[in-house]
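Listing of upload.pdb, PDB, C-alpha atoms and all ligand atoms
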```
ATOM      1  CA  MET M 113      99.545 130.974 -38.755  1.00  0.00           C
ATOM      2  CA  SER M 114      96.840 133.448 -37.795  1.00  0.00           C
ATOM      3  CA  GLU M 115      98.539 134.982 -34.747  1.00  0.00           C
ATOM      4  CA  ARG M 116     100.410 138.215 -35.460  1.00  0.00           C
ATOM      5  CA  PRO M 117     104.108 137.366 -35.283  1.00  0.00           C
ATOM      6  CA  SER M 118     106.196 138.868 -32.525  1.00  0.00           C
ATOM      7  CA  VAL M 119     109.940 138.440 -32.305  1.00  0.00           C
ATOM      8  CA  LEU M 120     112.321 138.814 -29.367  1.00  0.00           C
ATOM      9  CA  PHE M 121     116.059 138.781 -30.144  1.00  0.00           C
ATOM     10  CA  VAL M 122     118.323 137.698 -27.299  1.00  0.00           C
ATOM     11  CA  CYS M 123     122.071 138.033 -26.726  1.00  0.00           C
ATOM     12  CA  LEU M 124     124.101 138.281 -23.514  1.00  0.00           C
ATOM     13  CA  GLY M 125     124.222 141.987 -22.679  1.00  0.00           C
ATOM     14  CA  ASN M 126     121.443 143.434 -24.903  1.00  0.00           C
ATOM     15  CA  ILE M 127     123.802 146.260 -25.841  1.00  0.00           C
ATOM     16  CA  CYS M 128     125.532 144.951 -29.003  1.00  0.00           C
ATOM     17  CA  ARG M 129     124.065 142.113 -31.082  1.00  0.00           C
ATOM     18  CA  SER M 130     120.385 141.888 -30.122  1.00  0.00           C
ATOM     19  CA  PRO M 131     119.666 145.652 -30.367  1.00  0.00           C
ATOM     20  CA  LEU M 132     121.219 145.528 -33.851  1.00  0.00           C
ATOM     21  CA  ALA M 133     119.056 142.502 -34.724  1.00  0.00           C
ATOM     22  CA  GLU M 134     116.021 144.412 -33.421  1.00  0.00           C
ATOM     23  CA  ALA M 135     116.935 147.458 -35.533  1.00  0.00           C
ATOM     24  CA  ALA M 136     117.557 145.363 -38.663  1.00  0.00           C
ATOM     25  CA  MET M 137     114.259 143.515 -38.211  1.00  0.00           C
ATOM     26  CA  ARG M 138     112.301 146.735 -37.687  1.00  0.00           C
ATOM     27  CA  ALA M 139     113.858 148.163 -40.870  1.00  0.00           C
ATOM     28  CA  GLU M 140     113.191 145.031 -42.933  1.00  0.00           C
ATOM     29  CA  ALA M 141     109.603 144.721 -41.669  1.00  0.00           C
ATOM     30  CA  ALA M 142     108.907 148.385 -42.417  1.00  0.00           C
ATOM     31  CA  ARG M 143     110.326 147.953 -45.929  1.00  0.00           C
ATOM     32  CA  ALA M 144     108.088 144.917 -46.448  1.00  0.00           C
ATOM     33  CA  GLY M 145     105.051 146.700 -44.996  1.00  0.00           C
ATOM     34  CA  LEU M 146     104.676 144.036 -42.311  1.00  0.00           C
ATOM     35  CA  ASP M 147     103.317 145.101 -38.931  1.00  0.00           C
ATOM     36  CA  ILE M 148     105.049 142.923 -36.350  1.00  0.00           C
ATOM     37  CA  VAL M 149     106.140 143.363 -32.756  1.00  0.00           C
ATOM     38  CA  VAL M 150     109.934 143.384 -32.356  1.00  0.00           C
ATOM     39  CA  ASP M 151     111.986 143.648 -29.159  1.00  0.00           C
ATOM     40  CA  SER M 152     115.341 142.535 -27.745  1.00  0.00           C
ATOM     41  CA  ALA M 153     116.698 141.455 -24.378  1.00  0.00           C
ATOM     42  CA  GLY M 154     119.774 139.964 -22.730  1.00  0.00           C
ATOM     43  CA  THR M 155     120.226 136.852 -20.653  1.00  0.00           C
ATOM     44  CA  GLY M 156     122.649 138.806 -18.444  1.00  0.00           C
ATOM     45  CA  HIS M 157     121.739 141.607 -16.055  1.00  0.00           C
ATOM     46  CA  TRP M 158     124.914 143.733 -16.130  1.00  0.00           C
ATOM     47  CA  HIS M 159     123.740 146.372 -18.611  1.00  0.00           C
ATOM     48  CA  VAL M 160     120.039 146.649 -17.725  1.00  0.00           C
ATOM     49  CA  GLY M 161     118.789 150.195 -18.358  1.00  0.00           C
ATOM     50  CA  GLU M 162     121.784 151.168 -20.505  1.00  0.00           C
ATOM     51  CA  PRO M 163     121.651 152.348 -24.127  1.00  0.00           C
ATOM     52  CA  PRO M 164     123.363 150.205 -26.769  1.00  0.00           C
ATOM     53  CA  ASP M 165     127.168 150.173 -26.919  1.00  0.00           C
ATOM     54  CA  ARG M 166     128.469 153.271 -28.770  1.00  0.00           C
ATOM     55  CA  ARG M 167     129.939 151.074 -31.503  1.00  0.00           C
ATOM     56  CA  ALA M 168     126.534 149.424 -32.045  1.00  0.00           C
ATOM     57  CA  GLN M 169     124.881 152.863 -32.164  1.00  0.00           C
ATOM     58  CA  ALA M 170     127.502 153.955 -34.696  1.00  0.00           C
ATOM     59  CA  VAL M 171     127.017 151.035 -37.075  1.00  0.00           C
ATOM     60  CA  ALA M 172     123.226 151.437 -36.937  1.00  0.00           C
ATOM     61  CA  ALA M 173     123.615 155.171 -37.622  1.00  0.00           C
ATOM     62  CA  ARG M 174     125.816 154.374 -40.641  1.00  0.00           C
ATOM     63  CA  HIS M 175     122.816 152.455 -41.955  1.00  0.00           C
ATOM     64  CA  GLY M 176     120.439 155.336 -41.214  1.00  0.00           C
ATOM     65  CA  ILE M 177     118.926 153.929 -38.016  1.00  0.00           C
ATOM     66  CA  ASP M 178     118.917 155.651 -34.614  1.00  0.00           C
ATOM     67  CA  ILE M 179     119.028 153.136 -31.755  1.00  0.00           C
ATOM     68  CA  SER M 180     120.152 155.624 -29.083  1.00  0.00           C
ATOM     69  CA  GLY M 181     116.730 155.380 -27.403  1.00  0.00           C
ATOM     70  CA  TYR M 182     116.895 151.601 -26.897  1.00  0.00           C
ATOM     71  CA  ARG M 183     117.448 150.443 -23.311  1.00  0.00           C
ATOM     72  CA  ALA M 184     118.768 147.055 -22.237  1.00  0.00           C
ATOM     73  CA  ARG M 185     116.546 144.669 -20.321  1.00  0.00           C
ATOM     74  CA  GLN M 186     116.839 141.095 -19.124  1.00  0.00           C
ATOM     75  CA  VAL M 187     114.765 138.195 -20.482  1.00  0.00           C
ATOM     76  CA  VAL M 188     111.852 137.184 -18.229  1.00  0.00           C
ATOM     77  CA  ARG M 189     109.799 133.990 -18.224  1.00  0.00           C
ATOM     78  CA  GLU M 190     106.743 135.865 -19.517  1.00  0.00           C
ATOM     79  CA  ASP M 191     108.643 136.558 -22.744  1.00  0.00           C
ATOM     80  CA  PHE M 192     108.063 132.933 -23.790  1.00  0.00           C
ATOM     81  CA  SER M 193     104.310 133.508 -23.872  1.00  0.00           C
ATOM     82  CA  ARG M 194     104.389 137.146 -25.048  1.00  0.00           C
ATOM     83  CA  PHE M 195     106.455 136.419 -28.175  1.00  0.00           C
ATOM     84  CA  THR M 196     105.782 133.882 -30.926  1.00  0.00           C
ATOM     85  CA  HIS M 197     109.511 133.710 -31.770  1.00  0.00           C
ATOM     86  CA  VAL M 198     112.433 134.006 -29.352  1.00  0.00           C
ATOM     87  CA  VAL M 199     115.632 134.158 -31.373  1.00  0.00           C
ATOM     88  CA  ALA M 200     119.078 133.717 -29.816  1.00  0.00           C
ATOM     89  CA  LEU M 201     122.198 135.239 -31.306  1.00  0.00           C
ATOM     90  CA  ASP M 202     124.471 132.380 -30.206  1.00  0.00           C
ATOM     91  CA  HIS M 203     124.483 128.904 -28.711  1.00  0.00           C
ATOM     92  CA  ASP M 204     125.194 129.897 -25.090  1.00  0.00           C
ATOM     93  CA  ASN M 205     122.231 132.209 -25.054  1.00  0.00           C
ATOM     94  CA  LEU M 206     120.018 129.621 -26.774  1.00  0.00           C
ATOM     95  CA  ALA M 207     120.941 127.155 -24.016  1.00  0.00           C
ATOM     96  CA  ARG M 208     120.107 129.770 -21.357  1.00  0.00           C
ATOM     97  CA  LEU M 209     116.771 130.411 -23.036  1.00  0.00           C
ATOM     98  CA  ARG M 210     115.954 126.701 -23.149  1.00  0.00           C
ATOM     99  CA  ALA M 211     116.693 126.460 -19.414  1.00  0.00           C
ATOM    100  CA  LEU M 212     114.512 129.491 -18.634  1.00  0.00           C
ATOM    101  CA  CYS M 213     111.574 128.600 -20.914  1.00  0.00           C
ATOM    102  CA  PRO M 214     108.562 127.304 -18.924  1.00  0.00           C
ATOM    103  CA  PRO M 215     107.365 123.867 -20.080  1.00  0.00           C
ATOM    104  CA  GLY M 216     104.680 124.158 -22.748  1.00  0.00           C
ATOM    105  CA  ALA M 217     105.336 127.844 -23.444  1.00  0.00           C
ATOM    106  CA  PRO M 218     104.270 128.652 -27.006  1.00  0.00           C
ATOM    107  CA  ALA M 219     107.332 130.562 -28.250  1.00  0.00           C
ATOM    108  CA  GLU M 220     109.435 128.955 -30.973  1.00  0.00           C
ATOM    109  CA  LEU M 221     113.124 129.093 -30.033  1.00  0.00           C
ATOM    110  CA  SER M 222     115.841 129.300 -32.678  1.00  0.00           C
ATOM    111  CA  LEU M 223     119.254 130.696 -33.538  1.00  0.00           C
ATOM    112  CA  LEU M 224     119.128 133.796 -35.727  1.00  0.00           C
ATOM    113  CA  LEU M 225     121.353 132.307 -38.412  1.00  0.00           C
ATOM    114  CA  ASP M 226     119.122 129.199 -38.608  1.00  0.00           C
ATOM    115  CA  HIS M 227     116.995 131.474 -40.798  1.00  0.00           C
ATOM    116  CA  VAL M 228     119.781 132.049 -43.337  1.00  0.00           C
ATOM    117  CA  ARG M 229     120.219 129.417 -46.041  1.00  0.00           C
ATOM    118  CA  GLY M 230     123.518 127.590 -45.613  1.00  0.00           C
ATOM    119  CA  ARG M 231     124.220 129.044 -42.154  1.00  0.00           C
ATOM    120  CA  ALA M 232     121.933 127.002 -39.886  1.00  0.00           C
ATOM    121  CA  GLY M 233     123.575 126.292 -36.537  1.00  0.00           C
ATOM    122  CA  GLU M 234     126.008 129.223 -36.802  1.00  0.00           C
ATOM    123  CA  ALA M 235     126.387 131.885 -34.108  1.00  0.00           C
ATOM    124  CA  VAL M 236     126.595 135.649 -34.532  1.00  0.00           C
ATOM    125  CA  ALA M 237     130.033 136.312 -33.005  1.00  0.00           C
ATOM    126  CA  ASP M 238     130.207 138.545 -29.928  1.00  0.00           C
ATOM    127  CA  PRO M 239     131.814 141.850 -31.054  1.00  0.00           C
ATOM    128  CA  TYR M 240     132.057 143.356 -27.533  1.00  0.00           C
ATOM    129  CA  TYR M 241     135.764 142.687 -26.938  1.00  0.00           C
ATOM    130  CA  GLY M 242     136.778 143.177 -30.587  1.00  0.00           C
ATOM    131  CA  ASP M 243     137.353 146.137 -32.887  1.00  0.00           C
ATOM    132  CA  ALA M 244     134.927 148.364 -34.787  1.00  0.00           C
ATOM    133  CA  ALA M 245     135.082 146.108 -37.870  1.00  0.00           C
ATOM    134  CA  GLY M 246     133.454 143.397 -35.772  1.00  0.00           C
ATOM    135  CA  PHE M 247     130.341 145.523 -35.565  1.00  0.00           C
ATOM    136  CA  ASP M 248     130.158 145.712 -39.364  1.00  0.00           C
ATOM    137  CA  ARG M 249     130.233 141.904 -39.440  1.00  0.00           C
ATOM    138  CA  THR M 250     127.510 141.842 -36.771  1.00  0.00           C
ATOM    139  CA  TRP M 251     125.379 144.193 -38.871  1.00  0.00           C
ATOM    140  CA  ALA M 252     125.817 141.990 -41.965  1.00  0.00           C
ATOM    141  CA  ASP M 253     124.871 138.882 -39.958  1.00  0.00           C
ATOM    142  CA  VAL M 254     121.818 140.376 -38.256  1.00  0.00           C
ATOM    143  CA  THR M 255     120.577 141.839 -41.534  1.00  0.00           C
ATOM    144  CA  ALA M 256     120.854 138.448 -43.248  1.00  0.00           C
ATOM    145  CA  GLY M 257     119.089 136.814 -40.300  1.00  0.00           C
ATOM    146  CA  ALA M 258     116.323 139.413 -40.206  1.00  0.00           C
ATOM    147  CA  ARG M 259     115.692 139.024 -43.940  1.00  0.00           C
ATOM    148  CA  GLY M 260     115.534 135.240 -43.695  1.00  0.00           C
ATOM    149  CA  LEU M 261     113.263 135.270 -40.660  1.00  0.00           C
ATOM    150  CA  LEU M 262     111.009 137.913 -42.188  1.00  0.00           C
ATOM    151  CA  ALA M 263     110.622 135.862 -45.370  1.00  0.00           C
ATOM    152  CA  ARG M 264     109.555 132.910 -43.229  1.00  0.00           C
ATOM    153  CA  LEU M 265     107.075 134.993 -41.257  1.00  0.00           C
ATOM    154  CA  MET M 266     105.594 136.401 -44.455  1.00  0.00           C
ATOM    155  CA  ARG M 267     105.111 132.913 -45.892  1.00  0.00           C
ATOM    156  CA  GLY M 268     103.310 131.989 -42.658  1.00  0.00           C
ATOM    157  CA  ILE M 269     101.077 135.004 -42.810  1.00  0.00           C
ATOM    158  CA  ARG M 270     100.190 134.465 -46.468  1.00  0.00           C
ATOM    159  CA  ALA M 271      99.358 130.830 -45.778  1.00  0.00           C
ATOM    160  CA  ALA M 272      96.867 131.764 -43.039  1.00  0.00           C
TER     161      ALA M 272
HETATM  162  P1  LIG C 301     126.038 141.468 -26.520  1.00  0.00           P
HETATM  163  O1  LIG C 301     127.580 141.802 -26.193  1.00  0.00           O
HETATM  164  O2  LIG C 301     125.718 140.189 -25.802  1.00  0.00           O
HETATM  165  O3  LIG C 301     126.035 141.313 -28.007  1.00  0.00           O
HETATM  166  O4  LIG C 301     125.239 142.654 -26.020  1.00  0.00           O
HETATM  167  C1  LIG C 301     128.093 141.827 -24.900  1.00  0.00           C
HETATM  168  C2  LIG C 301     127.885 142.919 -24.095  1.00  0.00           C
HETATM  169  C3  LIG C 301     128.430 142.953 -22.825  1.00  0.00           C
HETATM  170  C4  LIG C 301     129.162 141.887 -22.363  1.00  0.00           C
HETATM  171  C5  LIG C 301     129.368 140.785 -23.165  1.00  0.00           C
HETATM  172  C6  LIG C 301     128.824 140.750 -24.440  1.00  0.00           C
HETATM  173  N1  LIG C 301     129.728 141.939 -21.064  1.00  0.00           N
HETATM  174  O5  LIG C 301     130.443 140.996 -20.703  1.00  0.00           O
HETATM  175  O6  LIG C 301     129.498 142.898 -20.315  1.00  0.00           O
END
```

Transcribe the structure of this file into structure tokens.
Amino acid sequence: MSERPSVLFVCLGNICRSPLAEAAMRAEAARAGLDIVVDSAGTGHWHVGEPPDRRAQAVAARHGIDISGYRARQVVREDFSRFTHVVALDHDNLARLRALCPPGAPAELSLLLDHVRGRAGEAVADPYYGDAAGFDRTWADVTAGARGLLARLMRGIRAA
């Protein structure tokens, strides 16, 4: 792969799971010294323009990351040509992405946990209607996914 990788994480609202995946990926890429483009979006429109859910901001802050400046946006068709990897947090959103993706668009679509050994095909559970502990589980899942995806991207870059 010679193209610089770019990753878009997608959940439903873009206020809980995908901003946390974006934050985890930015942190892992910075640690690895890898310069990649990272963003997140939602398939739904309800929270467009809003900052992440307070519980998502809190779990990120507990891990030393400030996501208060993130703002929710909705996925657009151009995302499938702007990003090399479009990564869904669960199956419903992957199905929505497949329906939205223009034929022949270059982006590779996957589930985040496909990139974690032994967890392919699993979803990152939606923490929105749950308790604060759910956000700790989300953070653990998105961190594992970000590490696995980053390792794959780095192998691709080295092989170029
Ligand atoms: P997210 O969580 O998809 O991880 O951002 C949700 C946020 C909002 C809603 C559902 C899930 N909602 O129904 O408004």

Cut-off 7 Å: closest chain M/ligand LIG 301 (chain C) atom pairs per residue, using all atoms listed in the file, as CSV:
```
residue,atom,partner,partner_atom,distance
M:Cys123,CA,C:LIG301,O2,4.3
M:Leu124,CA,C:LIG301,O2,3.4
M:Gly125,CA,C:LIG301,O4,3.6
M:Asn126,CA,C:LIG301,O4,4.0
M:Ile127,CA,C:LIG301,O4,3.9
M:Cys128,CA,C:LIG301,O4,3.8
M:Arg129,CA,C:LIG301,O3,3.7
M:Ser130,CA,C:LIG301,O3,6.1
M:Gly154,CA,C:LIG301,O2,6.7
M:Trp158,CA,C:LIG301,O6,6.3
M:His159,CA,C:LIG301,O6,6.9
M:Asp238,CA,C:LIG301,O3,5.4
M:Pro239,CA,C:LIG301,O1,6.4
M:Tyr240,CA,C:LIG301,O1,4.9
```

Grab the residues selected above and save them as a compact mmCIF listing (two decimals), in the frame of the given file with C-alpha atoms.
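Writing done, so here's result.txt:
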```txt
# COMPACT_ATOMS: atom_id res chain seq x y z
CA CYS M 123 122.07 138.03 -26.73
CA LEU M 124 124.10 138.28 -23.51
CA GLY M 125 124.22 141.99 -22.68
CA ASN M 126 121.44 143.43 -24.90
CA ILE M 127 123.80 146.26 -25.84
CA CYS M 128 125.53 144.95 -29.00
CA ARG M 129 124.06 142.11 -31.08
CA SER M 130 120.38 141.89 -30.12
CA GLY M 154 119.77 139.96 -22.73
CA TRP M 158 124.91 143.73 -16.13
CA HIS M 159 123.74 146.37 -18.61
CA ASP M 238 130.21 138.54 -29.93
CA PRO M 239 131.81 141.85 -31.05
CA TYR M 240 132.06 143.36 -27.53
```

Subject >> Proximity to Ala142 in chain M - best of M:Leu201, M:Ala258, M:Ala237, M:Ala173, all atoms listed in the file >> reply: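 Going through M:Leu201, M:Ala258, M:Ala237, M:Ala173 one by one, the smallest distance to Ala142 in chain M is for M:Ala258.
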
**OP:** Just the residues within 12 Å of range 133-140 of chain M, please, counting all atoms listed in the file, with nothing from its chain fewer than 6 positions along; format it as a PyMOL selection string.
**Re:** chain M and resi 118-123+126-127+146-153+164+168-169+171-173+175-184+198-201+223-225+236+247+250-263+265-266

Give me a file of those residues, with C-alpha atoms, as a PDB file, in the frame of the given file.
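Heads up, here's the output in result00.pdb:
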```pdb
ATOM      1  CA  SER M 118     106.196 138.868 -32.525  1.00  0.00           C
ATOM      2  CA  VAL M 119     109.940 138.440 -32.305  1.00  0.00           C
ATOM      3  CA  LEU M 120     112.321 138.814 -29.367  1.00  0.00           C
ATOM      4  CA  PHE M 121     116.059 138.781 -30.144  1.00  0.00           C
ATOM      5  CA  VAL M 122     118.323 137.698 -27.299  1.00  0.00           C
ATOM      6  CA  CYS M 123     122.071 138.033 -26.726  1.00  0.00           C
ATOM      7  CA  ASN M 126     121.443 143.434 -24.903  1.00  0.00           C
ATOM      8  CA  ILE M 127     123.802 146.260 -25.841  1.00  0.00           C
ATOM      9  CA  LEU M 146     104.676 144.036 -42.311  1.00  0.00           C
ATOM     10  CA  ASP M 147     103.317 145.101 -38.931  1.00  0.00           C
ATOM     11  CA  ILE M 148     105.049 142.923 -36.350  1.00  0.00           C
ATOM     12  CA  VAL M 149     106.140 143.363 -32.756  1.00  0.00           C
ATOM     13  CA  VAL M 150     109.934 143.384 -32.356  1.00  0.00           C
ATOM     14  CA  ASP M 151     111.986 143.648 -29.159  1.00  0.00           C
ATOM     15  CA  SER M 152     115.341 142.535 -27.745  1.00  0.00           C
ATOM     16  CA  ALA M 153     116.698 141.455 -24.378  1.00  0.00           C
ATOM     17  CA  PRO M 164     123.363 150.205 -26.769  1.00  0.00           C
ATOM     18  CA  ALA M 168     126.534 149.424 -32.045  1.00  0.00           C
ATOM     19  CA  GLN M 169     124.881 152.863 -32.164  1.00  0.00           C
ATOM     20  CA  VAL M 171     127.017 151.035 -37.075  1.00  0.00           C
ATOM     21  CA  ALA M 172     123.226 151.437 -36.937  1.00  0.00           C
ATOM     22  CA  ALA M 173     123.615 155.171 -37.622  1.00  0.00           C
ATOM     23  CA  HIS M 175     122.816 152.455 -41.955  1.00  0.00           C
ATOM     24  CA  GLY M 176     120.439 155.336 -41.214  1.00  0.00           C
ATOM     25  CA  ILE M 177     118.926 153.929 -38.016  1.00  0.00           C
ATOM     26  CA  ASP M 178     118.917 155.651 -34.614  1.00  0.00           C
ATOM     27  CA  ILE M 179     119.028 153.136 -31.755  1.00  0.00           C
ATOM     28  CA  SER M 180     120.152 155.624 -29.083  1.00  0.00           C
ATOM     29  CA  GLY M 181     116.730 155.380 -27.403  1.00  0.00           C
ATOM     30  CA  TYR M 182     116.895 151.601 -26.897  1.00  0.00           C
ATOM     31  CA  ARG M 183     117.448 150.443 -23.311  1.00  0.00           C
ATOM     32  CA  ALA M 184     118.768 147.055 -22.237  1.00  0.00           C
ATOM     33  CA  VAL M 198     112.433 134.006 -29.352  1.00  0.00           C
ATOM     34  CA  VAL M 199     115.632 134.158 -31.373  1.00  0.00           C
ATOM     35  CA  ALA M 200     119.078 133.717 -29.816  1.00  0.00           C
ATOM     36  CA  LEU M 201     122.198 135.239 -31.306  1.00  0.00           C
ATOM     37  CA  LEU M 223     119.254 130.696 -33.538  1.00  0.00           C
ATOM     38  CA  LEU M 224     119.128 133.796 -35.727  1.00  0.00           C
ATOM     39  CA  LEU M 225     121.353 132.307 -38.412  1.00  0.00           C
ATOM     40  CA  VAL M 236     126.595 135.649 -34.532  1.00  0.00           C
ATOM     41  CA  PHE M 247     130.341 145.523 -35.565  1.00  0.00           C
ATOM     42  CA  THR M 250     127.510 141.842 -36.771  1.00  0.00           C
ATOM     43  CA  TRP M 251     125.379 144.193 -38.871  1.00  0.00           C
ATOM     44  CA  ALA M 252     125.817 141.990 -41.965  1.00  0.00           C
ATOM     45  CA  ASP M 253     124.871 138.882 -39.958  1.00  0.00           C
ATOM     46  CA  VAL M 254     121.818 140.376 -38.256  1.00  0.00           C
ATOM     47  CA  THR M 255     120.577 141.839 -41.534  1.00  0.00           C
ATOM     48  CA  ALA M 256     120.854 138.448 -43.248  1.00  0.00           C
ATOM     49  CA  GLY M 257     119.089 136.814 -40.300  1.00  0.00           C
ATOM     50  CA  ALA M 258     116.323 139.413 -40.206  1.00  0.00           C
ATOM     51  CA  ARG M 259     115.692 139.024 -43.940  1.00  0.00           C
ATOM     52  CA  GLY M 260     115.534 135.240 -43.695  1.00  0.00           C
ATOM     53  CA  LEU M 261     113.263 135.270 -40.660  1.00  0.00           C
ATOM     54  CA  LEU M 262     111.009 137.913 -42.188  1.00  0.00           C
ATOM     55  CA  ALA M 263     110.622 135.862 -45.370  1.00  0.00           C
ATOM     56  CA  LEU M 265     107.075 134.993 -41.257  1.00  0.00           C
ATOM     57  CA  MET M 266     105.594 136.401 -44.455  1.00  0.00           C
TER      58      MET M 266
END
```

Original post:
What is the CA of Glu234 in chain M to CA of Cys213 in chain M distance in Å?
Top reply: 21.5 Å

**OP:** For Gly216 in chain M, work out the shell of residues within 12 Å, counting only C-alpha atoms and skipping chain neighbours fewer than 4 positions away, then give it as an MDAnalysis selection string.
**Re:** chainID M and resid 189 192:193 210 212 220

Could the residues in this selection be written to a file with C-alpha atoms, as a PDB file, in the coordinates of the input?
```pdb
ATOM      1  CA  ARG M 189     109.799 133.990 -18.224  1.00  0.00           C
ATOM      2  CA  PHE M 192     108.063 132.933 -23.790  1.00  0.00           C
ATOM      3  CA  SER M 193     104.310 133.508 -23.872  1.00  0.00           C
ATOM      4  CA  ARG M 210     115.954 126.701 -23.149  1.00  0.00           C
ATOM      5  CA  LEU M 212     114.512 129.491 -18.634  1.00  0.00           C
ATOM      6  CA  GLU M 220     109.435 128.955 -30.973  1.00  0.00           C
TER       7      GLU M 220
END
```

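Distance check against Asp202 in chain M using all atoms listed in the file: of M:Ala141, M:Ala235, M:Ala245, M:Val160, the minimum falls on M:Ala235.
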
Original post:
Which of these residues is nearest to Arg167 in chain M, using all atoms listed in the file: M:Pro214, M:Leu132, M:Gln186, M:Asp204?
Top reply: M:Leu132

**OP:** Just give me the gap between CA of Asp243 in chain M and CA of His227 in chain M in Å, one decimal is fine.
**Re:**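 Value for the CA of Asp243 in chain M-CA of His227 in chain M distance: 26.3 Å.
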
Subject >> For CA of Gly233 in chain M and CA of Ala207 in chain M, the interatomic separation in Å (one decimal) >> reply: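 Atom-to-atom, CA of Gly233 in chain M to CA of Ala207 in chain M, that is 12.8 Å.
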
Subject >> Using only C-alpha atoms: which of M:Arg166, M:His157, M:Arg249, M:His197 has the shortest distance to Arg185 in chain M >> reply: M:His157

Original post:
Pick the closest to Ala219 in chain M from M:Glu162, M:Glu115, M:Gly156, M:His203: which is it, counting all atoms listed in the file?
Top reply: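 Closest residue, counting all atoms listed in the file: M:Glu115.
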
Subject >> Selected residue, from M:Ala144, M:Thr155, M:Ala211, M:Arg267, that lies nearest to Val187 in chain M when counting all atoms listed in the file >> reply: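 Ranked by minimum distance to Val187 in chain M, first place goes to M:Thr155.
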
Please report, as JSON, the centre and edge lengths in Å to one decimal of an axis-aligned box covering all listed atoms of range 206-220 of chain M with 3 Å per side.
```
{"center_x": 112.6, "center_y": 127.2, "center_z": -24.8, "size_x": 22.7, "size_y": 12.7, "size_z": 18.3}
```

Some atoms are absent from range 192-203 of chain M, so rebuild N, CA, C and O atoms and return them as a PDB file, in the frame of the given file.
```
ATOM      1  N   PHE M 192     108.312 134.150 -23.008  1.00  0.00           N
ATOM      2  CA  PHE M 192     108.063 132.933 -23.790  1.00  0.00           C
ATOM      3  C   PHE M 192     106.577 132.743 -24.111  1.00  0.00           C
ATOM      4  O   PHE M 192     106.228 131.878 -24.897  1.00  0.00           O
ATOM      5  N   SER M 193     105.727 133.530 -23.470  1.00  0.00           N
ATOM      6  CA  SER M 193     104.310 133.508 -23.872  1.00  0.00           C
ATOM      7  C   SER M 193     103.903 134.815 -24.557  1.00  0.00           C
ATOM      8  O   SER M 193     102.890 134.866 -25.244  1.00  0.00           O
ATOM      9  N   ARG M 194     104.704 135.861 -24.395  1.00  0.00           N
ATOM     10  CA  ARG M 194     104.389 137.146 -25.048  1.00  0.00           C
ATOM     11  C   ARG M 194     104.861 137.186 -26.500  1.00  0.00           C
ATOM     12  O   ARG M 194     104.342 137.942 -27.306  1.00  0.00           O
ATOM     13  N   PHE M 195     105.886 136.393 -26.824  1.00  0.00           N
ATOM     14  CA  PHE M 195     106.455 136.419 -28.175  1.00  0.00           C
ATOM     15  C   PHE M 195     106.240 135.076 -28.861  1.00  0.00           C
ATOM     16  O   PHE M 195     106.357 134.026 -28.223  1.00  0.00           O
ATOM     17  N   THR M 196     105.932 135.139 -30.178  1.00  0.00           N
ATOM     18  CA  THR M 196     105.782 133.882 -30.926  1.00  0.00           C
ATOM     19  C   THR M 196     107.150 133.291 -31.260  1.00  0.00           C
ATOM     20  O   THR M 196     107.279 132.082 -31.407  1.00  0.00           O
ATOM     21  N   HIS M 197     108.169 134.160 -31.405  1.00  0.00           N
ATOM     22  CA  HIS M 197     109.511 133.710 -31.770  1.00  0.00           C
ATOM     23  C   HIS M 197     110.538 134.346 -30.838  1.00  0.00           C
ATOM     24  O   HIS M 197     110.579 135.588 -30.731  1.00  0.00           O
ATOM     25  N   VAL M 198     111.330 133.514 -30.180  1.00  0.00           N
ATOM     26  CA  VAL M 198     112.433 134.006 -29.352  1.00  0.00           C
ATOM     27  C   VAL M 198     113.716 133.509 -30.022  1.00  0.00           C
ATOM     28  O   VAL M 198     113.927 132.302 -30.169  1.00  0.00           O
ATOM     29  N   VAL M 199     114.533 134.473 -30.455  1.00  0.00           N
ATOM     30  CA  VAL M 199     115.632 134.158 -31.373  1.00  0.00           C
ATOM     31  C   VAL M 199     116.967 134.519 -30.721  1.00  0.00           C
ATOM     32  O   VAL M 199     117.249 135.703 -30.460  1.00  0.00           O
ATOM     33  N   ALA M 200     117.792 133.514 -30.472  1.00  0.00           N
ATOM     34  CA  ALA M 200     119.078 133.717 -29.816  1.00  0.00           C
ATOM     35  C   ALA M 200     120.151 134.050 -30.851  1.00  0.00           C
ATOM     36  O   ALA M 200     120.134 133.562 -31.979  1.00  0.00           O
ATOM     37  N   LEU M 201     121.110 134.861 -30.410  1.00  0.00           N
ATOM     38  CA  LEU M 201     122.198 135.239 -31.306  1.00  0.00           C
ATOM     39  C   LEU M 201     123.328 134.223 -31.295  1.00  0.00           C
ATOM     40  O   LEU M 201     124.115 134.171 -32.228  1.00  0.00           O
ATOM     41  N   ASP M 202     123.425 133.415 -30.227  1.00  0.00           N
ATOM     42  CA  ASP M 202     124.471 132.380 -30.206  1.00  0.00           C
ATOM     43  C   ASP M 202     124.014 131.193 -29.358  1.00  0.00           C
ATOM     44  O   ASP M 202     122.938 131.200 -28.757  1.00  0.00           O
ATOM     45  N   HIS M 203     124.864 130.167 -29.336  1.00  0.00           N
ATOM     46  CA  HIS M 203     124.483 128.904 -28.711  1.00  0.00           C
ATOM     47  C   HIS M 203     124.353 128.998 -27.184  1.00  0.00           C
ATOM     48  O   HIS M 203     123.464 128.386 -26.603  1.00  0.00           O
TER      49      HIS M 203
END
```
